[in-house]
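*Asks:* Below you'll find data_38.cif; it's mmCIF, C-alpha atoms.
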data_protein
loop_
_atom_site.label_atom_id
_atom_site.label_comp_id
_atom_site.auth_asym_id
_atom_site.auth_seq_id
_atom_site.Cartn_x
_atom_site.Cartn_y
_atom_site.Cartn_z
CA MET V 1 -96.41 -23.99 63.49
CA PHE V 2 -94.63 -27.18 64.55
CA GLU V 3 -94.09 -28.10 60.88
CA SER V 4 -92.39 -24.79 60.16
CA ILE V 5 -90.07 -25.27 63.15
CA LYS V 6 -89.17 -28.76 61.93
CA LYS V 7 -88.42 -27.38 58.46
CA ARG V 8 -86.25 -24.58 59.85
CA ILE V 9 -84.27 -27.12 61.88
CA ALA V 10 -83.92 -29.33 58.80
CA LYS V 11 -82.68 -26.43 56.67
CA TYR V 12 -80.12 -25.57 59.33
CA LEU V 13 -78.95 -29.21 59.46
CA ILE V 14 -78.64 -29.41 55.67
CA ILE V 15 -76.38 -26.36 55.67
CA LYS V 16 -74.40 -27.60 58.69
CA LYS V 17 -74.00 -31.29 57.79
CA PHE V 18 -74.34 -31.60 54.04
CA THR V 19 -73.19 -28.46 52.29
CA SER V 20 -69.58 -27.56 51.80
CA GLY V 21 -68.52 -24.22 50.45
CA SER V 22 -67.08 -24.88 47.02
CA GLY V 23 -65.88 -21.30 46.60
CA GLU V 24 -65.89 -19.67 43.21
CA VAL V 25 -66.88 -21.84 40.30
CA ASN V 26 -66.19 -21.25 36.61
CA PHE V 27 -69.25 -22.11 34.52
CA ASN V 28 -67.54 -21.92 31.11
CA ASN V 29 -68.57 -25.06 29.22
CA PHE V 30 -69.37 -26.81 32.50
CA PHE V 31 -72.30 -28.68 30.98
CA LYS V 32 -70.59 -29.78 27.77
CA GLU V 33 -67.42 -30.92 29.54
CA SER V 34 -69.22 -32.84 32.29
CA LEU V 35 -69.60 -36.59 31.91
CA SER V 36 -71.28 -37.89 35.07
CA PHE V 37 -74.66 -36.63 36.23
CA LEU V 38 -76.85 -37.32 39.24
CA ILE V 39 -80.43 -36.45 38.35
CA ILE V 40 -82.75 -36.11 41.33
CA MET V 41 -86.21 -36.72 39.96
CA PRO V 42 -89.14 -34.64 41.25
CA SER V 43 -91.42 -36.15 43.84
CA ASN V 44 -94.41 -34.52 42.14
CA GLU V 45 -95.84 -37.05 39.67
CA HIS V 46 -97.12 -34.37 37.29
CA ASP V 47 -93.65 -32.79 37.06
CA LEU V 48 -91.99 -36.16 36.59
CA ASN V 49 -93.49 -36.58 33.12
CA PHE V 50 -91.82 -33.39 31.86
CA THR V 51 -88.33 -34.37 33.03
CA PHE V 52 -87.92 -37.22 30.56
CA GLU V 53 -86.81 -34.78 27.83
CA ILE V 54 -83.81 -33.91 29.98
CA LEU V 55 -82.94 -37.60 30.33
CA LYS V 56 -83.26 -38.10 26.57
CA TYR V 57 -81.01 -35.15 25.88
CA LEU V 58 -78.33 -36.41 28.29
CA GLU V 59 -78.50 -39.81 26.62
CA THR V 60 -77.97 -38.29 23.16
CA GLN V 61 -74.91 -36.48 24.53
CA ASN V 62 -73.48 -39.79 25.85
CA LYS V 63 -73.54 -38.64 29.46
CA ASN V 64 -73.26 -41.12 32.32
CA VAL V 65 -76.53 -40.65 34.23
CA THR V 66 -77.49 -41.84 37.69
CA ILE V 67 -81.07 -41.20 38.80
CA LEU V 68 -82.25 -40.69 42.37
CA CYS V 69 -86.00 -41.17 42.72
CA GLN V 70 -88.72 -42.60 44.90
CA ALA V 71 -88.94 -46.38 44.63
CA VAL V 72 -92.60 -46.17 43.57
CA ARG V 73 -91.62 -44.01 40.58
CA VAL V 74 -88.77 -46.15 39.22
CA ASN V 75 -91.05 -48.00 36.80
CA THR V 76 -92.23 -44.74 35.23
CA ILE V 77 -88.73 -43.91 33.96
CA PRO V 78 -88.49 -44.75 30.25
CA GLN V 79 -85.61 -47.05 29.33
CA LYS V 80 -84.64 -47.26 33.00
CA ASP V 81 -82.13 -50.02 32.28
CA LYS V 82 -79.90 -47.40 30.58
CA TYR V 83 -79.41 -45.58 33.88
CA LYS V 84 -78.05 -46.36 37.30
CA ILE V 85 -80.90 -45.98 39.76
CA ILE V 86 -80.71 -44.97 43.41
CA SER V 87 -84.12 -45.28 45.01
CA TYR V 88 -85.57 -44.33 48.35
CA GLU V 89 -88.70 -45.20 50.29
CA ILE V 90 -90.83 -43.01 52.51
CA THR V 91 -89.27 -44.84 55.47
CA ASP V 92 -85.85 -43.47 54.44
CA ILE V 93 -87.03 -39.94 55.28
CA SER V 94 -86.77 -38.76 58.89
CA LYS V 95 -89.33 -36.71 60.79
CA LEU V 96 -87.26 -33.65 59.89
CA TYR V 97 -87.63 -34.53 56.18
CA LEU V 98 -83.94 -35.48 55.93
CA PRO V 99 -82.32 -38.77 54.88
CA MET V 100 -82.17 -41.33 57.68
CA LYS V 101 -78.67 -42.17 58.88
CA GLU V 102 -79.20 -45.83 57.94
CA TYR V 103 -80.09 -44.81 54.39
CA LEU V 104 -76.95 -42.71 54.05
CA ASP V 105 -74.79 -45.47 55.55
CA LYS V 106 -75.92 -47.79 52.72
CA ARG V 107 -74.95 -45.27 50.04
CA GLU V 108 -71.48 -45.07 48.58
CA LYS V 109 -70.45 -41.41 48.64
CA LYS V 110 -69.76 -40.86 44.96
CA THR V 111 -68.58 -37.83 43.03
CA PHE V 112 -70.52 -36.47 40.06
CA ASP V 113 -69.61 -33.70 37.65
CA ILE V 114 -73.12 -32.22 37.93
CA ILE V 115 -75.99 -32.84 40.32
CA MET V 116 -79.40 -31.67 39.10
CA ASP V 117 -82.33 -31.49 41.51
CA LEU V 118 -85.44 -31.36 39.32
CA ASN V 119 -87.87 -30.61 42.17
CA ARG V 120 -89.59 -27.31 41.50
CA GLU V 121 -91.13 -27.30 44.97
CA GLU V 122 -89.20 -27.45 48.21
CA ASN V 123 -88.15 -31.00 49.05
CA LEU V 124 -85.70 -31.06 51.95
CA PHE V 125 -84.80 -34.72 51.46
CA CYS V 126 -83.75 -34.07 47.86
CA SER V 127 -81.94 -30.86 48.78
CA ALA V 128 -79.97 -32.80 51.39
CA MET V 129 -79.20 -35.61 48.93
CA SER V 130 -78.04 -33.12 46.31
CA ASN V 131 -75.45 -31.98 48.83
CA TYR V 132 -74.61 -35.42 50.24
CA TYR V 133 -72.80 -36.47 47.08
CA ASN V 134 -69.70 -34.63 45.94
CA SER V 135 -70.00 -32.29 42.98
CA LYS V 136 -68.59 -28.99 41.87
CA PHE V 137 -71.83 -28.02 40.11
CA ARG V 138 -75.27 -28.26 41.72
CA VAL V 139 -78.23 -27.25 39.57
CA GLY V 140 -81.72 -26.60 40.88
CA PHE V 141 -84.77 -24.38 40.65
CA GLN V 142 -85.06 -21.16 42.62
CA LYS V 143 -87.00 -21.69 45.81
CA GLU V 144 -86.69 -20.72 49.45
CA ASN V 145 -83.08 -21.09 50.70
CA SER V 146 -81.96 -22.59 47.39
CA ASP V 147 -78.89 -20.34 47.43
CA ASN V 148 -77.57 -22.58 50.20
CA TYR V 149 -77.99 -25.77 48.16
CA TYR V 150 -77.31 -24.95 44.49
CA ASN V 151 -74.74 -22.83 42.69
CA PHE V 152 -76.68 -22.75 39.38
CA GLN V 153 -80.37 -21.90 39.67
CA ILE V 154 -83.16 -21.63 37.15
CA GLN V 155 -86.22 -19.42 37.51
CA ASN V 156 -89.29 -21.54 38.16
CA ASP V 157 -92.49 -21.01 36.15
CA GLU V 158 -94.93 -21.94 38.91
CA ILE V 159 -97.86 -22.32 36.53
CA ASN V 160 -96.43 -24.49 33.77
CA SER V 161 -93.90 -27.14 34.74
CA GLU V 162 -93.23 -28.06 31.11
CA ILE V 163 -91.92 -24.54 30.48
CA SER V 164 -89.74 -24.73 33.60
CA TYR V 165 -88.03 -27.93 32.48
CA ARG V 166 -87.63 -26.68 28.92
CA ASN V 167 -86.02 -23.48 30.27
CA LEU V 168 -83.68 -25.59 32.39
CA LEU V 169 -82.58 -27.63 29.41
CA ASN V 170 -82.18 -24.54 27.20
CA SER V 171 -80.12 -22.80 29.88
CA LEU V 172 -77.80 -25.76 30.31
CA GLN V 173 -77.31 -26.13 26.56
CA MET V 174 -75.78 -22.64 26.51
CA PHE V 175 -72.91 -23.98 28.62
#
Let me see whether you can do it: turn the structure in this file into structure tokens.
*Replies:*
Amino acid sequence: MFESIKKRIAKYLIIKKFTSGSGEVNFNNFFKESLSFLIIMPSNEHDLNFTFEILKYLETQNKNVTILCQAVRVNTIPQKDKYKIISYEITDISKLYLPMKEYLDKREKKTFDIIMDLNREENLFCSAMSNYYNSKFRVGFQKENSDNYYNFQIQNDEINSEISYRNLLNSLQMF
């Protein structure tokens, strides 16, 4: 019960402190015309392996990619020297599952054309970080309260993560 209260408080704080209403957004060619991407890698190790296709595709399209991931997972990223990496430790996450103030103070508040949170499961830290940085387009999977965090959402196949990430990539390629 205490965990659910902490999560409800965290969700309220994300909406209050991190999100800003961007109003109506035109999605015509938003993916093709975007150059800078922040990719928030999933914290689930199994899911992480299926996200590399998205990174490869962005590389073939000459997109400028910055990756946000756990420090322990940085070495699993193929060709990691081609990307800018922002890492975080477990100690950078507060008891409310949000980024610690000290962690945010060390981060330059950048602007990206698109922010993609690749977590299929709820991860309040990553949801907060996807709204910490400035972006007109925030892409994520449908999950509880995701309407508050993302303006472009993909249906999540809860059984097969590979299908979910392939659907995400196929959906984005249409734009």
*Asks:* Once the PyMOL selection byres ((chain V and resi 10) around 10) has been applied to the shown file, what residues remain in the selection, as a VMD selection string?
*Replies:* chain V and resid 4 to 9 11 to 16 94 to 98 124 to 125 128
*Asks:* Carefully work through the PyMOL selection byres ((chain V and resi 67) around 10) for this structure and note down the residues it includes, as a PDB file with C-alpha atoms, in the frame of the given file.
*Replies:*
ATOM      1  CA  PHE V  37     -74.660 -36.630  36.230  1.00  0.00           C
ATOM      2  CA  LEU V  38     -76.850 -37.320  39.240  1.00  0.00           C
ATOM      3  CA  ILE V  39     -80.430 -36.450  38.350  1.00  0.00           C
ATOM      4  CA  ILE V  40     -82.750 -36.110  41.330  1.00  0.00           C
ATOM      5  CA  MET V  41     -86.210 -36.720  39.960  1.00  0.00           C
ATOM      6  CA  LEU V  55     -82.940 -37.600  30.330  1.00  0.00           C
ATOM      7  CA  VAL V  65     -76.530 -40.650  34.230  1.00  0.00           C
ATOM      8  CA  THR V  66     -77.490 -41.840  37.690  1.00  0.00           C
ATOM      9  CA  LEU V  68     -82.250 -40.690  42.370  1.00  0.00           C
ATOM     10  CA  CYS V  69     -86.000 -41.170  42.720  1.00  0.00           C
ATOM     11  CA  GLN V  70     -88.720 -42.600  44.900  1.00  0.00           C
ATOM     12  CA  VAL V  74     -88.770 -46.150  39.220  1.00  0.00           C
ATOM     13  CA  ILE V  77     -88.730 -43.910  33.960  1.00  0.00           C
ATOM     14  CA  LYS V  80     -84.640 -47.260  33.000  1.00  0.00           C
ATOM     15  CA  TYR V  83     -79.410 -45.580  33.880  1.00  0.00           C
ATOM     16  CA  LYS V  84     -78.050 -46.360  37.300  1.00  0.00           C
ATOM     17  CA  ILE V  85     -80.900 -45.980  39.760  1.00  0.00           C
ATOM     18  CA  ILE V  86     -80.710 -44.970  43.410  1.00  0.00           C
ATOM     19  CA  SER V  87     -84.120 -45.280  45.010  1.00  0.00           C
ATOM     20  CA  ILE V 115     -75.990 -32.840  40.320  1.00  0.00           C
ATOM     21  CA  MET V 116     -79.400 -31.670  39.100  1.00  0.00           C
TER      22      MET V 116
END
*Asks:* Run the PyMOL selection byres ((chain V and resi 146-151) around 10) mentally over the shown coordinates, then write out the matched residues as a PyMOL selection string, using the chain letters and numbers from the document.
*Replies:* chain V and resi 11-12+14-15+18-25+27+115-117+122+127-131+136-145+152-154
*Asks:* Using all atoms listed in the file, can you tell me which of V:Asn170, V:Asp81, V:Thr76, V:Phe175 comes closest to Asn49 in chain V?
*Replies:*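 Answer, going by the shortest atom-to-atom distance: V:Thr76.
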*Asks:* Counting only C-alpha atoms, which residues of range 5-57 of chain V fall within 9 Å of range 163-169 of chain V, and what is the closest atom pair for each with its distance in Å at one decimal, ordered by chain and rising number, as a tab-separated table?
*Replies:*
residue	atom	partner	partner_atom	distance
V:Asp47	CA	V:Tyr165	CA	8.7
V:Phe50	CA	V:Tyr165	CA	6.7
V:Thr51	CA	V:Tyr165	CA	6.5
V:Glu53	CA	V:Arg166	CA	8.2
V:Ile54	CA	V:Leu169	CA	6.4
V:Tyr57	CA	V:Leu169	CA	8.5
*Asks:* I'd like the interatomic distance between CA of Asn123 in chain V and CA of Ser43 in chain V, to a tenth of an Å.
*Replies:*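 Between CA of Asn123 in chain V and CA of Ser43 in chain V the gap is 8.0 Å.
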*Asks:* Can you list, as a PDB file with C-alpha atoms, keeping the file's coordinate frame, every protein, DNA or RNA residue that comes within 6 Å of range 108-111 of chain V when you count all atoms listed in the file, leaving out same-chain residues fewer than 3 positions away?
*Replies:*
ATOM      1  CA  TYR V 133     -72.800 -36.470  47.080  1.00  0.00           C
ATOM      2  CA  ASN V 134     -69.700 -34.630  45.940  1.00  0.00           C
ATOM      3  CA  SER V 135     -70.000 -32.290  42.980  1.00  0.00           C
TER       4      SER V 135
END
*Asks:* Just the number, please: distance in Å from CA of Ser34 in chain V to CA of Thr60 in chain V, one decimal.
*Replies:*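 We find that CA of Ser34 in chain V and CA of Thr60 in chain V lie 13.8 Å from each other.
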*Asks:* Grab the CA of Phe30 in chain V to CA of Ser161 in chain V distance for me, in Å with one decimal place.
*Replies:* 24.6 Å
*Asks:* Could you pull the residues within 10 Å of Thr91 in chain V, counting all atoms listed in the file, minus those fewer than 4 positions along the same chain, as a list in words?
*Replies:*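 Residues near the query, excluding close chain neighbours: Lys95, Pro99, Met100 and Tyr103 of chain V.
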*Asks:* Out of V:Asn44, V:Arg107, V:Asn62, V:Phe31, which residue has the shortest atom-to-atom distance to Tyr88 in chain V when counting only C-alpha atoms?
*Replies:*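 Nearest candidate to Tyr88 in chain V out of V:Asn44, V:Arg107, V:Asn62, V:Phe31: V:Arg107.
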*Asks:* Please determine, counting all atoms listed in the file, which residue among V:Glu121, V:Gln173, V:Cys126, V:Ser36 has the shortest atom-to-atom distance to Ile93 in chain V.
*Replies:* V:Cys126
*Asks:* Given 6 Å of margin on each side, can you work out the centre and size in Å (one decimal) of an axis-aligned box holding every listed atom of range 143-162 of chain V, as AutoDock Vina command-line options?
*Replies:*
--center_x -86.3 --center_y -23.7 --center_z 40.9 --size_x 35.1 --size_y 20.6 --size_z 31.6
*Asks:* Looking at V:Leu48, V:Met1, V:Val72, V:Leu58, which one is nearest to Lys32 in chain V, with distances taken over only C-alpha atoms?
*Replies:*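 The shortest atom-to-atom distance to Lys32 in chain V comes from V:Leu58.
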